[in-house]
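Taking it in order: structure first as structure tokens, then the write-up.
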Amino acid sequence: MSSENSFDVVSAIDMQELNNAIQQAEKEIDNRFDFKGSKSSIQLDKNELVVISDDEYKLNSVLDVLHSKMVKRGISLKNLQYGKLEPAASSTIRQRIGLKQGIGQEHAKKINVLLRDSKLKVKSQIQGDQIRVTGKNKDDLQKAIQLLRQSDIDLDLQFVNFR
């Protein structure tokens with residue numbers, strides 16, 4: 001048995017769940033009375049969502065529907081990065097929403113400093129877009145997970161490969 005225990009800190013969106021949430025939101029938009037005759041739609045392009053609607057009020061309503069479906073499916077809204085509103089074809093309005101995947105360098109450094117300053121007996125190491133946290137005591141690793149969950153980092157963090 002290994003004397004070192006570890007887990008990985010990642011930030012990812014389950015794309016299948018996101019796809020299901022988009023489909024459910026589009027069904028609701030098709031069936032709702034206040035969207036009858038509206039040109040509202042939600043599309044997923046690689047790493048961004050494109051939301052199109054008639055005006056800003058309807059676009060916000062579409063976003064509310066999408067957000068409720070995402071939350072029901074367990075997708076955090078912290079991983080969304082909203083772009084500005086822009087005019088689109090045939091007098092509609094469009095908003096691009098970026099999907100944040102992975103932990104960027106500035107967030108990774110913030111997490112490393114947070115773990116180092118916590119006085120827990122754990123070591124953290126940046127590995128690309130994830131962070132490996134190692135320690136001899138599993139209780140310290142559990143405390144590190146609790147610390148990261150309670151921190152004010154504006155990313156949805158998942159903890160995987162706990163060994």
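The way I read the labels, and the way they are meant: chains A, B, ... in the order of the structure tokens, residue 1 as the first residue of every chain, and ligand 1 as the first ligand shown, with later ones counted on from there.
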
Quiz item: Mind checking DSSP for segment 10-126 of chain A and telling me the strand (DSSP E or B) residues as a ChimeraX atom specification?
Solution: /A:10,41-45,48-53,80-88,92-99,122-126

Per residue of segment 84-141 of chain A within 12 Å of segment 60-64 of chain A, which atom pair is closest and at what distance in Å (one decimal), using only C-alpha atoms, listed by chain and increasing number, as CSV?
```
residue,atom,partner,partner_atom,distance
A:Leu85,CA,A:Asn60,CA,10.9
A:Ile93,CA,A:Asn60,CA,10.9
A:Arg94,CA,A:Asn60,CA,10.9
A:Gln95,CA,A:Leu63,CA,9.9
A:Arg96,CA,A:Leu63,CA,11.3
A:Ile97,CA,A:Leu63,CA,10.3
```

Store the residues of this selection in a file with all heavy atoms, as a PDB file, in the first residue's frame.
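Here's the written file out_11.pdb:
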```
ATOM      1  N   LEU A  85     -24.047  41.695 -25.502  1.00  0.00           N
ATOM      2  CA  LEU A  85     -25.155  41.543 -26.444  1.00  0.00           C
ATOM      3  C   LEU A  85     -24.760  42.166 -27.771  1.00  0.00           C
ATOM      4  O   LEU A  85     -24.150  43.233 -27.807  1.00  0.00           O
ATOM      5  CB  LEU A  85     -26.404  42.234 -25.893  1.00  0.00           C
ATOM      6  CG  LEU A  85     -26.952  41.692 -24.581  1.00  0.00           C
ATOM      7  CD1 LEU A  85     -28.102  42.551 -24.094  1.00  0.00           C
ATOM      8  CD2 LEU A  85     -27.391  40.265 -24.733  1.00  0.00           C
ATOM      9  N   ILE A  93     -31.366  39.649 -31.450  1.00  0.00           N
ATOM     10  CA  ILE A  93     -30.219  39.974 -30.608  1.00  0.00           C
ATOM     11  C   ILE A  93     -29.551  38.674 -30.195  1.00  0.00           C
ATOM     12  O   ILE A  93     -30.219  37.661 -30.012  1.00  0.00           O
ATOM     13  CB  ILE A  93     -30.652  40.831 -29.400  1.00  0.00           C
ATOM     14  CG1 ILE A  93     -29.452  41.440 -28.717  1.00  0.00           C
ATOM     15  CG2 ILE A  93     -31.509  40.058 -28.457  1.00  0.00           C
ATOM     16  CD1 ILE A  93     -29.840  42.575 -27.777  1.00  0.00           C
ATOM     17  N   ARG A  94     -28.209  38.691 -30.073  1.00  0.00           N
ATOM     18  CA  ARG A  94     -27.463  37.472 -29.806  1.00  0.00           C
ATOM     19  C   ARG A  94     -26.507  37.709 -28.648  1.00  0.00           C
ATOM     20  O   ARG A  94     -25.956  38.794 -28.500  1.00  0.00           O
ATOM     21  CB  ARG A  94     -26.682  37.080 -31.059  1.00  0.00           C
ATOM     22  CG  ARG A  94     -25.653  35.996 -30.852  1.00  0.00           C
ATOM     23  CD  ARG A  94     -24.882  35.637 -32.122  1.00  0.00           C
ATOM     24  NE  ARG A  94     -24.435  36.812 -32.854  1.00  0.00           N
ATOM     25  CZ  ARG A  94     -24.428  36.894 -34.177  1.00  0.00           C
ATOM     26  NH1 ARG A  94     -24.814  35.893 -34.926  1.00  0.00           N
ATOM     27  NH2 ARG A  94     -24.020  37.984 -34.774  1.00  0.00           N
ATOM     28  N   GLN A  95     -26.316  36.648 -27.849  1.00  0.00           N
ATOM     29  CA  GLN A  95     -25.314  36.689 -26.790  1.00  0.00           C
ATOM     30  C   GLN A  95     -24.519  35.402 -26.827  1.00  0.00           C
ATOM     31  O   GLN A  95     -25.083  34.317 -26.868  1.00  0.00           O
ATOM     32  CB  GLN A  95     -25.954  36.871 -25.415  1.00  0.00           C
ATOM     33  CG  GLN A  95     -24.929  37.022 -24.314  1.00  0.00           C
ATOM     34  CD  GLN A  95     -25.528  37.403 -22.984  1.00  0.00           C
ATOM     35  OE1 GLN A  95     -26.695  37.140 -22.723  1.00  0.00           O
ATOM     36  NE2 GLN A  95     -24.730  38.022 -22.136  1.00  0.00           N
ATOM     37  N   ARG A  96     -23.206  35.555 -26.817  1.00  0.00           N
ATOM     38  CA  ARG A  96     -22.318  34.398 -26.775  1.00  0.00           C
ATOM     39  C   ARG A  96     -21.890  34.168 -25.331  1.00  0.00           C
ATOM     40  O   ARG A  96     -21.525  35.113 -24.635  1.00  0.00           O
ATOM     41  CB  ARG A  96     -21.089  34.616 -27.648  1.00  0.00           C
ATOM     42  CG  ARG A  96     -21.419  34.747 -29.114  1.00  0.00           C
ATOM     43  CD  ARG A  96     -20.172  34.923 -29.960  1.00  0.00           C
ATOM     44  NE  ARG A  96     -20.515  35.173 -31.340  1.00  0.00           N
ATOM     45  CZ  ARG A  96     -20.798  34.212 -32.219  1.00  0.00           C
ATOM     46  NH1 ARG A  96     -20.774  32.955 -31.850  1.00  0.00           N
ATOM     47  NH2 ARG A  96     -21.097  34.512 -33.467  1.00  0.00           N
ATOM     48  N   ILE A  97     -21.945  32.894 -24.912  1.00  0.00           N
ATOM     49  CA  ILE A  97     -21.590  32.535 -23.545  1.00  0.00           C
ATOM     50  C   ILE A  97     -20.474  31.503 -23.628  1.00  0.00           C
ATOM     51  O   ILE A  97     -20.683  30.391 -24.104  1.00  0.00           O
ATOM     52  CB  ILE A  97     -22.809  31.958 -22.791  1.00  0.00           C
ATOM     53  CG1 ILE A  97     -23.955  32.959 -22.808  1.00  0.00           C
ATOM     54  CG2 ILE A  97     -22.417  31.589 -21.370  1.00  0.00           C
ATOM     55  CD1 ILE A  97     -25.262  32.395 -22.299  1.00  0.00           C
TER      56      ILE A  97
END
```

Quiz item: So which residues touch Leu66 of chain A within 9 Å, counting only C-alpha atoms, skipping near sequence neighbours fewer than 6 positions away, as a PyMOL selection string?
Solution: chain A and resi 21-22+24-26+42

Quiz prompt | Counting only C-alpha atoms, the option among A:Glu48, A:Glu4, A:Val113, A:Ile13 closest to Leu77 of chain A | solution = A:Ile13

Practice problem: Between atom CA of Pro87 of chain A and atom CA of Leu44 of chain A, measure the distance and give it in Å to one decimal. | Solution: 18.5 Å

Exercise. Select from chain A everything DSSP, run on the backbone, classes as helix (DSSP H, G or I), then give the selection as a PyMOL selection string.
Key: chain A and resi 15-31+33-35+56-72+77-79+105-117+138-150

Quiz prompt | Proximity to Lys58 of chain A - best of A:Gln43, A:Ala12, A:Val71, A:Arg32, only C-alpha atoms | solution =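 Answer, going by the shortest atom-to-atom distance: A:Arg32.
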
Practice problem: Find the residue from A:Ile145, A:Leu80, A:Ile153, A:Ile103 that sits nearest to Ser118 of chain A; use only C-alpha atoms when measuring. | Solution: A:Ile145

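Using only C-alpha atoms, the smallest distance between any of A:Leu114, A:Lys69, A:Asn47, A:Gly128 and Gln81 of chain A comes from A:Asn47.
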
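Taking only C-alpha atoms into account, Ile111 of chain A lies nearest to A:Arg149 out of the set A:Lys46, A:Arg163, A:Arg149, A:Lys136.
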
Quiz item: Quick one, how far is atom CA of Asp8 of chain A from atom CA of Gln130 of chain A?
Solution: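 Computed distance, atom CA of Asp8 of chain A to atom CA of Gln130 of chain A, equals 6.7 Å.
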